[in-house]
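Printed here is upload_21.json (JSON, C-alpha atoms and all ligand atoms):
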[["chain", "number", "residue", "atom", "x", "y", "z"],
["A", 1, "MET", "CA", 315.64, 104.57, 25.68],
["A", 2, "LYS", "CA", 314.43, 108.15, 25.93],
["A", 3, "VAL", "CA", 312.69, 108.90, 22.62],
["A", 4, "GLY", "CA", 311.38, 112.31, 21.55],
["A", 5, "ILE", "CA", 308.67, 112.37, 18.87],
["A", 6, "ILE", "CA", 308.92, 115.90, 17.52],
["A", 7, "ILE", "CA", 306.10, 116.82, 15.17],
["A", 8, "TYR", "CA", 304.39, 119.56, 13.29],
["A", 9, "SER", "CA", 300.71, 118.92, 12.56],
["A", 10, "GLN", "CA", 298.25, 121.30, 10.98],
["A", 11, "THR", "CA", 295.03, 119.25, 10.87],
["A", 12, "GLY", "CA", 295.82, 116.43, 13.30],
["A", 13, "HIS", "CA", 296.87, 113.49, 11.09],
["A", 14, "THR", "CA", 300.55, 113.61, 12.03],
["A", 15, "ARG", "CA", 299.56, 114.07, 15.70],
["A", 16, "GLU", "CA", 297.36, 110.96, 15.54],
["A", 17, "VAL", "CA", 300.20, 108.83, 14.15],
["A", 18, "ALA", "CA", 302.56, 110.26, 16.78],
["A", 19, "GLY", "CA", 300.14, 109.18, 19.54],
["A", 20, "LEU", "CA", 300.03, 105.59, 18.26],
["A", 21, "LEU", "CA", 303.80, 105.55, 17.90],
["A", 22, "GLN", "CA", 304.22, 106.82, 21.45],
["A", 23, "GLN", "CA", 302.03, 103.94, 22.70],
["A", 24, "ASN", "CA", 303.97, 101.41, 20.65],
["A", 25, "LEU", "CA", 307.33, 102.66, 21.96],
["A", 26, "ALA", "CA", 306.02, 102.69, 25.55],
["A", 27, "GLU", "CA", 304.87, 99.06, 25.17],
["A", 28, "LYS", "CA", 308.43, 98.21, 24.16],
["A", 29, "GLY", "CA", 309.78, 99.79, 27.34],
["A", 30, "HIS", "CA", 310.90, 103.15, 25.96],
["A", 31, "GLN", "CA", 310.20, 106.48, 27.59],
["A", 32, "ALA", "CA", 308.55, 108.26, 24.66],
["A", 33, "SER", "CA", 307.33, 111.87, 24.66],
["A", 34, "ILE", "CA", 305.56, 113.88, 21.97],
["A", 35, "GLU", "CA", 306.61, 117.49, 21.52],
["A", 36, "GLU", "CA", 304.91, 119.79, 19.03],
["A", 37, "ILE", "CA", 306.39, 122.59, 16.98],
["A", 38, "THR", "CA", 303.91, 125.48, 16.98],
["A", 39, "ILE", "CA", 303.85, 128.80, 15.14],
["A", 40, "ASN", "CA", 301.88, 132.02, 15.18],
["A", 41, "GLY", "CA", 299.02, 131.93, 12.69],
["A", 42, "LYS", "CA", 298.29, 129.45, 9.94],
["A", 43, "THR", "CA", 300.76, 127.25, 8.08],
["A", 44, "PRO", "CA", 302.53, 129.46, 5.56],
["A", 45, "ALA", "CA", 303.46, 128.59, 2.01],
["A", 46, "GLN", "CA", 307.18, 129.22, 2.57],
["A", 47, "PRO", "CA", 309.69, 129.04, 5.44],
["A", 48, "GLY", "CA", 310.39, 132.45, 6.95],
["A", 49, "GLN", "CA", 306.79, 133.70, 6.85],
["A", 50, "PHE", "CA", 306.06, 132.93, 10.50],
["A", 51, "GLU", "CA", 307.49, 132.88, 14.01],
["A", 52, "PHE", "CA", 307.88, 129.81, 16.17],
["A", 53, "LEU", "CA", 305.86, 129.69, 19.38],
["A", 54, "THR", "CA", 307.40, 126.39, 20.49],
["A", 55, "LYS", "CA", 310.62, 124.86, 19.20],
["A", 56, "PRO", "CA", 311.22, 121.50, 20.94],
["A", 57, "ASP", "CA", 314.83, 120.94, 22.01],
["A", 58, "PRO", "CA", 316.04, 117.43, 21.11],
["A", 59, "VAL", "CA", 319.03, 117.58, 23.46],
["A", 60, "GLN", "CA", 317.47, 115.49, 26.25],
["A", 61, "TYR", "CA", 316.65, 112.50, 24.01],
["A", 62, "ASP", "CA", 318.71, 109.45, 23.03],
["A", 63, "ALA", "CA", 316.65, 109.12, 19.85],
["A", 64, "VAL", "CA", 314.44, 111.56, 17.98],
["A", 65, "ILE", "CA", 311.61, 110.80, 15.54],
["A", 66, "PHE", "CA", 310.48, 113.74, 13.44],
["A", 67, "GLY", "CA", 306.95, 113.79, 11.98],
["A", 68, "SER", "CA", 305.47, 116.23, 9.49],
["A", 69, "PRO", "CA", 302.87, 116.58, 6.74],
["A", 70, "VAL", "CA", 303.70, 116.96, 3.07],
["A", 71, "GLN", "CA", 302.72, 120.31, 1.62],
["A", 72, "ALA", "CA", 302.80, 121.26, -2.05],
["A", 73, "PHE", "CA", 304.87, 118.19, -3.06],
["A", 74, "ASN", "CA", 307.52, 118.97, -0.47],
["A", 75, "LEU", "CA", 308.24, 118.89, 3.25],
["A", 76, "ASN", "CA", 305.97, 121.28, 5.14],
["A", 77, "PRO", "CA", 307.75, 124.67, 5.41],
["A", 78, "VAL", "CA", 307.43, 124.80, 9.21],
["A", 79, "MET", "CA", 309.33, 121.53, 9.60],
["A", 80, "ARG", "CA", 311.86, 122.71, 6.99],
["A", 81, "ALA", "CA", 312.54, 125.87, 9.00],
["A", 82, "TYR", "CA", 312.65, 123.94, 12.28],
["A", 83, "LEU", "CA", 315.23, 121.48, 10.91],
["A", 84, "ASP", "CA", 317.38, 124.35, 9.62],
["A", 85, "GLN", "CA", 317.80, 125.78, 13.11],
["A", 86, "LEU", "CA", 318.38, 122.50, 14.97],
["A", 87, "PRO", "CA", 321.43, 122.18, 17.19],
["A", 88, "SER", "CA", 323.82, 119.24, 16.78],
["A", 89, "LEU", "CA", 322.28, 115.76, 16.89],
["A", 90, "ARG", "CA", 325.67, 114.09, 17.16],
["A", 91, "GLY", "CA", 325.48, 110.77, 19.01],
["A", 92, "LYS", "CA", 321.71, 110.50, 18.64],
["A", 93, "GLU", "CA", 319.68, 108.01, 16.67],
["A", 94, "ALA", "CA", 316.93, 109.45, 14.48],
["A", 95, "ALA", "CA", 313.99, 108.44, 12.31],
["A", 96, "CYS", "CA", 311.10, 110.19, 10.65],
["A", 97, "PHE", "CA", 307.65, 109.87, 9.17],
["A", 98, "ILE", "CA", 305.53, 112.05, 7.00],
["A", 99, "THR", "CA", 301.79, 111.99, 6.40],
["A", 100, "LYS", "CA", 300.27, 112.79, 3.02],
["A", 101, "GLN", "CA", 297.02, 112.56, 1.12],
["A", 102, "LEU", "CA", 297.87, 111.54, -2.42],
["A", 103, "PRO", "CA", 298.52, 107.80, -2.86],
["A", 104, "VAL", "CA", 300.68, 108.16, -5.96],
["A", 105, "LYS", "CA", 304.40, 108.54, -6.67],
["A", 106, "TRP", "CA", 305.86, 111.99, -7.37],
["A", 107, "SER", "CA", 303.49, 113.69, -4.91],
["A", 108, "GLY", "CA", 306.02, 114.77, -2.31],
["A", 109, "GLY", "CA", 306.57, 111.78, 0.00],
["A", 110, "THR", "CA", 310.06, 110.77, -1.06],
["A", 111, "GLN", "CA", 311.08, 114.42, -1.35],
["A", 112, "ALA", "CA", 309.83, 115.14, 2.20],
["A", 113, "VAL", "CA", 311.44, 112.18, 3.96],
["A", 114, "GLY", "CA", 314.64, 112.86, 2.00],
["A", 115, "LYS", "CA", 314.75, 116.41, 3.39],
["A", 116, "ILE", "CA", 314.33, 115.21, 6.98],
["A", 117, "LYS", "CA", 316.92, 112.47, 6.57],
["A", 118, "SER", "CA", 319.52, 114.75, 5.06],
["A", 119, "ALA", "CA", 318.91, 117.44, 7.70],
["A", 120, "CYS", "CA", 319.39, 114.87, 10.48],
["A", 121, "GLU", "CA", 322.54, 113.49, 8.87],
["A", 122, "ALA", "CA", 323.93, 117.00, 8.40],
["A", 123, "LYS", "CA", 323.51, 117.53, 12.16],
["A", 124, "GLY", "CA", 325.35, 114.28, 12.92],
["A", 125, "ALA", "CA", 322.48, 111.91, 13.74],
["A", 126, "MET", "CA", 322.37, 108.29, 12.66],
["A", 127, "VAL", "CA", 319.13, 107.90, 10.69],
["A", 128, "LYS", "CA", 317.64, 104.45, 11.21],
["A", 129, "GLY", "CA", 314.37, 104.65, 9.30],
["A", 130, "ALA", "CA", 311.80, 106.73, 7.43],
["A", 131, "GLU", "CA", 308.13, 106.00, 6.79],
["A", 132, "ILE", "CA", 305.46, 107.49, 4.56],
["A", 133, "VAL", "CA", 301.87, 107.39, 5.88],
["A", 134, "PHE", "CA", 299.15, 107.69, 3.23],
["A", 135, "TRP", "CA", 296.06, 109.35, 4.65],
["A", 136, "THR", "CA", 294.08, 108.10, 1.69],
["A", 137, "GLU", "CA", 290.70, 106.41, 2.31],
["A", 138, "GLY", "CA", 291.14, 102.64, 2.02],
["A", 139, "LYS", "CA", 294.91, 102.74, 2.50],
["A", 140, "ARG", "CA", 295.10, 104.68, 5.76],
["A", 141, "THR", "CA", 294.86, 102.05, 8.51],
["A", 142, "GLU", "CA", 297.29, 99.68, 6.84],
["A", 143, "SER", "CA", 299.70, 102.54, 6.17],
["A", 144, "ILE", "CA", 299.55, 103.85, 9.76],
["A", 145, "ASN", "CA", 300.02, 100.37, 11.23],
["A", 146, "LYS", "CA", 303.03, 99.64, 9.04],
["A", 147, "ALA", "CA", 304.71, 102.94, 9.92],
["A", 148, "VAL", "CA", 304.04, 102.59, 13.65],
["A", 149, "GLU", "CA", 305.24, 98.97, 13.79],
["A", 150, "THR", "CA", 308.36, 99.71, 11.76],
["A", 151, "LEU", "CA", 309.37, 102.88, 13.61],
["A", 152, "GLY", "CA", 308.45, 101.38, 16.98],
["A", 153, "GLY", "CA", 310.86, 98.51, 16.37],
["A", 154, "LEU", "CA", 313.89, 100.60, 15.39],
["A", 155, "PHE", "CA", 315.35, 101.41, 18.81],
["B", 1, "LIG", "C1", 298.19, 123.34, 1.63],
["B", 1, "LIG", "C2", 298.28, 121.83, 1.58],
["B", 1, "LIG", "C3", 299.07, 121.23, 0.62],
["B", 1, "LIG", "C4", 299.15, 119.82, 0.55],
["B", 1, "LIG", "N1", 299.94, 119.26, -0.40],
["B", 1, "LIG", "C5", 300.02, 117.89, -0.49],
["B", 1, "LIG", "C6", 300.86, 117.26, -1.47],
["B", 1, "LIG", "O1", 301.54, 117.91, -2.26],
["B", 1, "LIG", "N2", 300.87, 115.89, -1.52],
["B", 1, "LIG", "C7", 300.12, 115.11, -0.68],
["B", 1, "LIG", "O2", 300.17, 113.89, -0.80],
["B", 1, "LIG", "N3", 299.35, 115.68, 0.29],
["B", 1, "LIG", "C8", 299.27, 117.04, 0.40],
["B", 1, "LIG", "N4", 298.49, 117.63, 1.37],
["B", 1, "LIG", "C9", 297.77, 116.76, 2.31],
["B", 1, "LIG", "C10", 298.49, 116.67, 3.66],
["B", 1, "LIG", "O3", 299.86, 116.36, 3.49],
["B", 1, "LIG", "C11", 297.86, 115.57, 4.54],
["B", 1, "LIG", "O4", 296.49, 115.81, 4.72],
["B", 1, "LIG", "C12", 298.58, 115.45, 5.87],
["B", 1, "LIG", "O5", 298.25, 114.19, 6.43],
["B", 1, "LIG", "C13", 298.19, 116.56, 6.84],
["B", 1, "LIG", "O6", 298.85, 116.34, 8.07],
["B", 1, "LIG", "P1", 298.43, 117.12, 9.41],
["B", 1, "LIG", "O7", 296.97, 116.82, 9.64],
["B", 1, "LIG", "O8", 299.29, 116.54, 10.47],
["B", 1, "LIG", "O9", 298.65, 118.57, 9.18],
["B", 1, "LIG", "C14", 298.40, 119.02, 1.45],
["B", 1, "LIG", "C15", 297.61, 119.65, 2.43],
["B", 1, "LIG", "C16", 297.55, 121.03, 2.49],
["B", 1, "LIG", "C17", 296.68, 121.68, 3.55]]

Show this structure as structure tokens.
Amino acid sequence: MKVGIIIYSQTGHTREVAGLLQQNLAEKGHQASIEEITINGKTPAQPGQFEFLTKPDPVQYDAVIFGSPVQAFNLNPVMRAYLDQLPSLRGKEAACFITKQLPVKWSGGTQAVGKIKSACEAKGAMVKGAEIVFWTEGKRTESINKAVETLGGLF
């Protein structure tokens, strides 16, 4: 299956998980590519305060996995704006992961994956899974491995 891993990453955590996921999917026989959303300048506090430099087009993929950091207890505003402008995902399978620092509930993880899932569903995709990666010391490796194994086995 042709799988696109479409990510936004500010400090590299989400990119690192995407790389491991790409390897995992390739080992399972998928053709997996990572594509990054990029903007001019630094990550803003709100959607609409930046311009996209690259906006990956999901049209060529059978399945798309979106990856993003949490920011201020919510989905990062760059990924929010990207999802808003997506074309139809009808007929595609989808999944997502987010990376975050705080290891506690009510710190944005559920909110962030919920936003990605509902955006994908609104565009007609069938969402097959969503993972939260905790970048917290002591929890990180286990959390990354779980997310990569789970997402890598979805398609
Ligand atoms: C401005 C800012 C706000 C953040 N807000 C949260 C938050 O609300 N909850 C959380 O768990 N982590 C928060 N983080 C931590 C990031 O989500 C975490 O480090 C993430 O893995 C970064 O991913 P990246 O390296 O791909 O950009 C925040 C980081 C930044 C820079």

Out of A:Pro56, A:Gly67, A:Gly29, A:Gly114, which residue has the shortest atom-to-atom distance to ligand LIG 1 (chain B) when counting all atoms listed in the file?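 Nearest to ligand LIG 1 (chain B): A:Gly67.
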
Smallest atom-to-atom distance to ligand LIG 1 (chain B): which of A:Val133, A:Ile34, A:Ile116, A:Ala81, using only C-alpha atoms and all ligand atoms? A:Val133

So, with all atoms listed in the file as the atoms that count, which of A:Asn76, A:Thr110, A:Tyr8, A:Glu93 lies closest to A:Leu53?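 Nearest to A:Leu53: A:Tyr8.
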
Grab the atom C8 of ligand LIG 1 (chain B) to atom CA of A:Ile7 distance for me, in Å with one decimal place.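 Computing the Euclidean distance for atom C8 of ligand LIG 1 (chain B) and atom CA of A:Ile7 yields 16.3 Å.
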
Near A:Asn74, counting all atoms listed in the file, which residues have an atom at most 12 Å away, once you skip same-chain residues fewer than 3 positions from it, shown as a PyMOL selection string? chain A and resi 45-47+68-71+77-80+98-100+106-116
